[in-house]
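Here is the structure we will look at.
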Amino acid sequence: DAEITQSPRHKITETGRQVTLACHQTWNHNNMFWYRQDLGHGLRLIHYSYGVQDTNKGEVSDGYSVSRSNTEDLPLTLESAASSQTSVYFCASSSSGANVLTFGAGSRLTVL
Amino acid sequence: QKEVEQDPGPLSVPEGAIVSLNCTYSNSAFQYFMWYRQYSRKGPELLMYTYSSGNKEDGRFTAQVDKSSKYISLFIRDSQPSDSATYLCAMVDSNYQLIWGAGTKLIIKP
């Protein structure tokens, strides 16, 4: 069965360290998205990609970067982790548009 | 003011009750409306998808859109403990981006 896999599921890191969260999908979807979810804020879009070599900033992109070198993967990098980036991160994909999304199980990141 | 407002709850009801979950929005350009369900420590999953005003039914679930009032609802009939989850509404804006509500936590008591 097709799936979307995030790793690691849990990560604890220190302020200032670089962190990369992996996202791998086997749906063959062109569109991939990274969200963060915090209490009281719901889901907020960090970055998204509509295809290989395409990346776009979302509403909360500061401090995050992505790259899309193939259809299956969209890794999210925190260049210098900050405590404000403690959150649950969700990767999602879709075949067309940004509305019918398939989500991964999430990566819980704690920055101390 | 957020573009999409959703009461975070929690909403606690007894098993078998009819549940009503709601979102209001301010942008009249929204055309597509969705409900996602999210179980604890899982990713959201699409539950219902509607385009126009009116009702759409799928089993025990009914999604209702009232564009004139900028109000959408999700009704759950014969609620079950397995319906306990957080329900997120989402809408597509003119740039085809999803705008999310904060989610309502629903608890169905056996």
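Simple scheme: letters A, B, ... for chains in structure tokens order, numbers from 1 for residues in each chain, numbers from 1 for ligands in the order shown.
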
Please provide the set of residues having any atom within 9 Å of B:Ala29, restricted to only C-alpha atoms, with same-chain residues fewer than 2 positions apart removed, written as a list in words.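 In the requested form, the answer reads Ser26, Asn27, Gln31, Val92, Asp93 and Ser94 of chain B.
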
Interface list for chain A, partner chain B, 12 Å threshold, only C-alpha atoms, as a VMD selection string: chain A and resid 4 to 6 9 to 10 33 35 to 45 47 to 48 56 to 59 88 to 94 96 to 108

For the residues selected in the previous step, produce a file with C-alpha atoms as a compact mmCIF listing (two decimals), in the first residue's frame.
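Result saved to part22.txt:
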```
# COMPACT_ATOMS: atom_id res chain seq x y z
CA ILE A 4 3.76 8.68 3.65
CA THR A 5 6.47 8.13 6.26
CA GLN A 6 8.04 10.63 8.61
CA ARG A 9 8.87 10.28 15.16
CA HIS A 10 10.39 11.93 18.22
CA PHE A 33 3.74 20.11 2.23
CA TYR A 35 3.01 21.94 8.51
CA ARG A 36 3.56 22.57 12.18
CA GLN A 37 0.78 22.07 14.71
CA ASP A 38 0.67 23.94 18.00
CA LEU A 39 -2.10 24.27 20.58
CA GLY A 40 -4.34 27.20 19.76
CA HIS A 41 -2.89 27.66 16.27
CA GLY A 42 -4.02 24.62 14.38
CA LEU A 43 -1.98 23.69 11.32
CA ARG A 44 0.37 26.29 9.89
CA LEU A 45 2.08 25.88 6.53
CA HIS A 47 6.97 25.14 3.03
CA TYR A 48 5.48 23.36 0.07
CA ASN A 56 7.73 27.70 -1.91
CA LYS A 57 7.48 29.47 1.43
CA GLY A 58 4.41 29.18 3.60
CA GLU A 59 3.18 31.49 6.33
CA VAL A 88 4.65 18.63 16.10
CA TYR A 89 5.55 18.62 12.42
CA PHE A 90 3.37 17.01 9.76
CA CYS A 91 4.28 16.20 6.21
CA ALA A 92 1.48 15.85 3.66
CA SER A 93 1.11 15.14 -0.02
CA SER A 94 -1.54 15.49 -2.71
CA SER A 96 -3.38 17.87 -7.38
CA GLY A 97 -4.02 21.12 -5.57
CA ALA A 98 -3.63 21.67 -1.86
CA ASN A 99 -6.99 20.54 -0.60
CA VAL A 100 -7.18 16.74 -0.50
CA LEU A 101 -4.10 15.99 1.57
CA THR A 102 -2.69 12.72 2.84
CA PHE A 103 -0.74 13.23 6.06
CA GLY A 104 2.11 11.42 7.72
CA ALA A 105 1.95 10.42 11.38
CA GLY A 106 3.96 13.44 12.53
CA SER A 107 7.35 14.18 14.06
CA ARG A 108 7.42 15.58 17.59
```

A straight line from atom CA of B:Ala17 to atom CA of B:Phe75 spans 10.4 Å

Please, what distance in Å, to one decimal, runs between atom CA of B:Arg37 and atom CA of B:Thr86?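 Between atom CA of B:Arg37 and atom CA of B:Thr86 the gap is 5.9 Å.
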
Distance in Å - atom CA of A:Asn30 versus atom CA of A:Thr71: 6.3 Å

List every residue of stretch 15-48 of chain A that DSSP, applied to the backbone of this structure, places in strand (DSSP E or B), and write the result as a VMD selection string. chain A and resid 19 to 25 31 to 38 42 to 48

Residue contacts of A:His29 (6 Å, only C-alpha atoms) excluding same-chain residues fewer than 2 positions away, as a list in words: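 Contacts, in chain order: Trp27, Asn31, Ser94 and Ser95 of chain A.
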
For the residues in that selection, give me N, CA, C and O atoms as a PDB file, in the first residue's frame.
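The new file selection.pdb reads:
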```
ATOM      1  N   TRP A  27       3.093   7.574  -2.803  1.00  0.00           N
ATOM      2  CA  TRP A  27       1.859   7.814  -3.549  1.00  0.00           C
ATOM      3  C   TRP A  27       2.139   8.312  -4.970  1.00  0.00           C
ATOM      4  O   TRP A  27       1.230   8.417  -5.767  1.00  0.00           O
ATOM      5  N   ASN A  31       2.670  17.024  -5.257  1.00  0.00           N
ATOM      6  CA  ASN A  31       2.637  18.094  -4.264  1.00  0.00           C
ATOM      7  C   ASN A  31       2.967  17.564  -2.877  1.00  0.00           C
ATOM      8  O   ASN A  31       2.423  16.547  -2.443  1.00  0.00           O
ATOM      9  N   SER A  94      -0.299  15.542  -1.943  1.00  0.00           N
ATOM     10  CA  SER A  94      -1.539  15.491  -2.708  1.00  0.00           C
ATOM     11  C   SER A  94      -1.200  15.316  -4.179  1.00  0.00           C
ATOM     12  O   SER A  94      -0.129  15.709  -4.633  1.00  0.00           O
ATOM     13  N   SER A  95      -2.153  14.746  -4.908  1.00  0.00           N
ATOM     14  CA  SER A  95      -1.923  14.532  -6.336  1.00  0.00           C
ATOM     15  C   SER A  95      -2.154  15.811  -7.123  1.00  0.00           C
ATOM     16  O   SER A  95      -1.481  16.070  -8.115  1.00  0.00           O
TER      17      SER A  95
END
```

Leaving out B:Val65 and any residue of its chain fewer than 3 positions from it, which residues lie within 12 Å of it when counting only C-alpha atoms, given as a count of residues only? 32
